[in-house]
file run_20.cif (mmCIF, C-alpha atoms)
data_my_file
#
loop_
_atom_site.label_atom_id
_atom_site.label_comp_id
_atom_site.auth_asym_id
_atom_site.auth_seq_id
_atom_site.Cartn_x
_atom_site.Cartn_y
_atom_site.Cartn_z
CA MET K 249 94.48 -30.06 -48.81
CA PRO K 250 97.20 -31.14 -51.26
CA ARG K 251 100.04 -33.29 -50.03
CA LEU K 252 103.05 -31.16 -49.18
CA THR K 253 106.47 -32.25 -50.31
CA LYS K 254 109.54 -30.97 -48.52
CA ASP K 255 111.34 -29.79 -51.65
CA GLU K 256 108.52 -27.77 -53.21
CA THR K 257 107.08 -24.43 -52.30
CA HIS K 258 103.35 -24.14 -51.83
CA PRO K 259 101.05 -21.12 -51.92
CA VAL K 260 100.02 -19.63 -48.59
CA ARG K 261 97.34 -16.94 -48.59
CA PHE K 262 96.47 -14.72 -45.67
CA THR K 263 95.62 -11.13 -44.83
CA LEU K 264 98.54 -9.00 -43.68
CA ASN K 265 97.74 -5.70 -42.03
CA GLY K 266 94.41 -5.55 -43.84
CA ARG K 267 95.70 -6.52 -47.28
CA PRO K 268 95.43 -9.96 -48.90
CA VAL K 269 98.81 -11.51 -49.62
CA SER K 270 100.05 -14.73 -51.13
CA VAL K 271 103.50 -16.22 -50.72
CA ARG K 272 105.16 -19.42 -51.75
CA ALA K 273 106.72 -21.25 -48.83
CA TYR K 274 108.39 -24.55 -48.15
CA PRO K 275 106.37 -26.77 -45.80
CA ARG K 276 108.81 -26.18 -42.92
CA ALA K 277 109.21 -22.43 -43.49
CA LEU K 278 108.36 -20.33 -40.47
CA LEU K 279 105.99 -17.40 -40.50
CA THR K 280 108.93 -15.14 -39.62
CA ASP K 281 110.68 -16.24 -42.81
CA ALA K 282 107.60 -15.62 -44.95
CA LEU K 283 107.02 -12.20 -43.41
CA ARG K 284 110.62 -11.00 -43.54
CA HIS K 285 112.04 -12.66 -46.64
CA GLU K 286 109.08 -13.19 -48.93
CA ILE K 287 106.97 -10.12 -48.11
CA GLY K 288 109.55 -7.70 -46.72
CA ALA K 289 107.76 -7.04 -43.42
CA THR K 290 111.01 -6.75 -41.49
CA GLY K 291 109.49 -5.20 -38.36
CA THR K 292 108.95 -8.74 -37.07
CA HIS K 293 112.31 -9.62 -35.55
CA VAL K 294 113.88 -13.03 -35.09
CA GLY K 295 115.57 -13.37 -31.73
CA CYS K 296 115.86 -16.70 -29.98
CA GLU K 297 113.92 -18.82 -32.51
CA HIS K 298 112.49 -20.75 -29.54
CA GLY K 299 109.53 -18.51 -28.64
CA VAL K 300 111.15 -17.30 -25.44
CA CYS K 301 112.21 -13.71 -26.17
CA GLY K 302 109.00 -12.41 -27.76
CA ALA K 303 110.74 -10.33 -30.45
CA CYS K 304 108.80 -12.16 -33.18
CA THR K 305 105.34 -11.55 -31.67
CA VAL K 306 102.63 -10.79 -34.20
CA GLN K 307 98.85 -10.98 -33.95
CA VAL K 308 97.11 -13.93 -35.55
CA ASP K 309 93.36 -13.40 -35.71
CA GLY K 310 93.74 -10.76 -32.98
CA GLU K 311 95.76 -12.87 -30.56
CA PRO K 312 99.49 -12.52 -29.88
CA ALA K 313 101.52 -15.37 -31.37
CA ARG K 314 105.19 -16.16 -31.75
CA ALA K 315 105.90 -16.11 -35.48
CA CYS K 316 109.10 -18.11 -34.93
CA LEU K 317 107.03 -21.03 -33.65
CA MET K 318 104.40 -20.93 -36.37
CA LEU K 319 104.78 -22.49 -39.76
CA ALA K 320 103.93 -20.17 -42.63
CA ARG K 321 101.42 -22.78 -43.81
CA GLN K 322 99.52 -22.38 -40.53
CA ALA K 323 98.76 -18.77 -41.48
CA GLU K 324 96.58 -19.91 -44.38
CA GLY K 325 93.34 -17.90 -44.24
CA CYS K 326 94.35 -15.99 -41.10
CA GLU K 327 94.43 -12.29 -40.37
CA ILE K 328 98.04 -11.46 -39.52
CA ARG K 329 98.96 -8.11 -38.04
CA THR K 330 102.53 -6.93 -37.61
CA VAL K 331 104.06 -3.79 -36.16
CA GLU K 332 103.88 -2.25 -39.63
CA GLY K 333 100.09 -2.37 -39.26
CA LEU K 334 99.94 -0.37 -36.00
CA ASN K 335 100.31 3.14 -37.34
CA ASN K 336 97.59 5.16 -39.04
CA LYS K 337 99.27 5.91 -42.39
CA ASP K 338 100.78 9.29 -41.44
CA ALA K 339 100.76 9.10 -37.64
CA LEU K 340 102.06 6.82 -34.94
CA SER K 341 99.54 4.82 -32.95
CA PRO K 342 98.92 5.98 -29.35
CA LEU K 343 101.08 3.08 -28.19
CA GLN K 344 103.96 3.97 -30.52
CA GLU K 345 103.69 7.64 -29.59
CA ALA K 346 103.80 6.82 -25.86
CA PHE K 347 106.87 4.63 -26.39
CA ARG K 348 108.58 7.53 -28.16
CA GLU K 349 107.60 10.06 -25.51
CA HIS K 350 108.63 7.84 -22.58
CA PHE K 351 111.90 6.59 -24.11
CA ALA K 352 110.60 3.04 -23.81
CA LEU K 353 113.02 1.69 -26.36
CA GLN K 354 116.74 1.77 -26.73
CA CYS K 355 118.11 -0.71 -29.23
CA GLY K 356 114.54 -1.38 -30.40
CA PHE K 357 114.99 -5.08 -31.09
CA CYS K 358 112.26 -6.19 -28.66
CA THR K 359 109.96 -3.23 -29.29
CA ALA K 360 107.88 -4.60 -32.17
CA GLY K 361 106.91 -7.74 -30.26
CA ILE K 362 106.13 -5.77 -27.11
CA LEU K 363 103.96 -3.32 -29.06
CA MET K 364 102.02 -6.19 -30.64
CA SER K 365 101.34 -7.83 -27.27
CA LEU K 366 100.26 -4.56 -25.67
CA ASP K 367 98.05 -3.72 -28.65
CA ALA K 368 96.40 -7.14 -28.31
CA LEU K 369 95.86 -6.42 -24.60
CA PHE K 370 94.40 -2.94 -25.09
CA SER K 371 92.11 -3.84 -27.99
CA PRO K 372 89.58 -5.74 -25.86
CA GLN K 373 90.64 -4.15 -22.56
CA PRO K 374 91.47 -0.44 -23.03
CA ASP K 375 91.39 0.11 -19.28
CA ALA K 376 93.85 -2.68 -18.46
CA GLU K 377 95.43 -2.28 -15.05
CA GLU K 378 99.17 -2.25 -14.45
CA ASP K 379 99.16 -5.90 -13.35
CA ALA K 380 97.63 -6.94 -16.69
CA ILE K 381 100.19 -4.82 -18.54
CA ARG K 382 103.03 -6.47 -16.63
CA GLU K 383 101.53 -9.88 -17.37
CA ALA K 384 101.43 -9.06 -21.09
CA LEU K 385 105.07 -7.98 -20.90
CA SER K 386 106.14 -11.09 -19.00
CA GLY K 387 106.67 -13.01 -22.23
CA HIS K 388 109.19 -10.50 -23.56
CA LEU K 389 112.88 -10.07 -22.91
CA CYS K 390 114.38 -6.58 -23.04
CA ARG K 391 118.04 -6.23 -22.25
CA CYS K 392 118.19 -2.44 -22.45
CA THR K 393 115.43 -0.59 -20.63
CA GLY K 394 114.87 -2.40 -17.35
CA TYR K 395 111.12 -2.43 -18.20
CA ALA K 396 110.20 0.65 -16.12
CA PRO K 397 109.96 2.98 -19.14
CA ILE K 398 108.02 0.30 -21.04
CA VAL K 399 105.44 0.03 -18.25
CA GLN K 400 105.22 3.84 -18.00
CA ALA K 401 104.69 4.09 -21.76
CA ALA K 402 102.02 1.39 -21.65
CA LEU K 403 100.19 3.20 -18.85
CA ALA K 404 100.41 6.47 -20.78
CA ALA K 405 99.11 4.79 -23.93
CA ARG K 406 96.25 3.26 -21.94
CA ASN K 407 95.32 6.72 -20.68
CA ARG K 408 95.50 8.17 -24.19
CA ILE K 409 93.39 5.33 -25.60
CA LYS K 410 90.78 5.93 -22.87
CA GLY K 411 90.78 9.63 -23.75
CA GLY K 412 92.51 10.80 -20.60
CA PRO K 413 95.81 12.60 -20.05
CA ILE K 414 98.86 10.81 -21.43
CA ASP K 415 100.88 11.07 -18.21
CA ALA K 416 100.58 7.85 -16.31
#

call {"tool": "encode", "arguments": {"input": "run_20.cif", "output": "C-alpha cells"}}
result
Amino acid sequence: MPRLTKDETHPVRFTLNGRPVSVRAYPRALLTDALRHEIGATGTHVGCEHGVCGACTVQVDGEPARACLMLARQAEGCEIRTVEGLNNKDALSPLQEAFREHFALQCGFCTAGILMSLDALFSPQPDAEEDAIREALSGHLCRCTGYAPIVQAALAARNRIKGGPIDA
C-alpha cells in the first residue's frame, strides 16, 4: 500500500449499491464525505459525527456501520450499500413501503440509517422478533416519532418479507 500523505488525495475503489466506483479522498476523509460530496449519495445523513445518532448508518459488506466513524480509505474493496440501494428501480422496498404506510417517518433525517439497520437485520433473519427489531433500533436516535410507528412499520415489513399480511 502506498504511503499516504495528508495533503494529497488518493484513489479509493469500492462497490456502491452494486456498481463499482472510484473516488479520490484525503487520508482523513470520512466515508460520509466520500459518499455525499464525491459521489452524490446524499441519502446517508451526517448527524452527530460521533457515531451516536445512527443517521449515517450504511452497510459495509452486509453489516451496519457508521459512515461517520469510517475513513473513506477503509472502504477500499468493500461492498457499500446505502439507502439509495434499497429500492428495486421503480418500486419501494418492502421496508420503505411499510414505513410509508405506517407513517414511520416525520422529518426523515434518521430514516435512512434506520432502514439500513433494519435491512441488515432482516436479510439473514426475515422472521426477526420484536425484541430483535428493538435491539436493531437501539443505536438510532429519532426525535420525531417516539419509535412506536417505526416498530410497527418494521413488524409490517417483516410480515411482508415473510409473505404474510402487512398488518403487524

call {"tool": "closest_residue", "arguments": {"input": "run_20.cif", "among": "K:Ile381, K:Arg261, K:Thr253, K:Arg321", "to": "Thr280 (chain K)", "atoms": "all atoms listed in the file"}}
result
K:Arg321

call {"tool": "residues_around", "arguments": {"input": "run_20.cif", "residues": "region 340-342 of chain K", "least_positions_apart": "6", "cutoff": "8 Å", "atoms": "only C-alpha atoms", "output": "number ranges by chain"}}
result
K: 334, 405, 408-409

call {"tool": "resolve_selection", "arguments": {"input": "run_20.cif", "expression": "the PyMOL selection byres ((chain K and resi 270) around 9)", "output": "PyMOL selection string"}}
result
chain K and resi 259-263+268-269+271-272+287

call {"tool": "residues_around", "arguments": {"input": "run_20.cif", "residues": "region 291-307 of chain K", "least_positions_apart": "4", "cutoff": "10 Å", "atoms": "all atoms listed in the file", "output": "MDAnalysis selection string"}}
result
chainID K and resid 264:265 278:281 283:284 311:318 326:333 356:365 367:368 385:390

call {"tool": "closest_residue", "arguments": {"input": "run_20.cif", "among": "K:Leu353, K:Leu343, K:Ala380, K:Leu369", "to": "Pro397 (chain K)", "atoms": "all atoms listed in the file"}}
result
K:Leu353

call {"tool": "resolve_selection", "arguments": {"input": "run_20.cif", "expression": "the PyMOL selection byres ((chain K and resi 374-379) around 8)", "output": "ChimeraX atom specification"}}
result
/K:369-373,380-383,399,403,406-407,409-410

call {"tool": "atom_distance", "arguments": {"input": "run_20.cif", "atom1": "CA of Glu286 (chain K)", "atom2": "CA of Asn336 (chain K)"}}
result
23.8 Å

call {"tool": "atom_distance", "arguments": {"input": "run_20.cif", "atom1": "CA of Thr257 (chain K)", "atom2": "CA of Asp309 (chain K)"}}
result
24.2 Å

call {"tool": "atom_distance", "arguments": {"input": "run_20.cif", "atom1": "CA of Ala352 (chain K)", "atom2": "CA of Thr393 (chain K)"}}
result
6.8 Å

call {"tool": "closest_residue", "arguments": {"input": "run_20.cif", "among": "K:Ala273, K:Ile398, K:Ala282, K:Ala404", "to": "Phe351 (chain K)", "atoms": "all atoms listed in the file"}}
result
K:Ile398

call {"tool": "closest_residue", "arguments": {"input": "run_20.cif", "among": "K:Gly310, K:Leu366, K:Ala401, K:His285", "to": "Glu345 (chain K)", "atoms": "all atoms listed in the file"}}
result
K:Ala401

call {"tool": "closest_residue", "arguments": {"input": "run_20.cif", "among": "K:Ala384, K:Gly266, K:Arg276, K:Thr290", "to": "Lys254 (chain K)", "atoms": "all atoms listed in the file"}}
result
K:Arg276
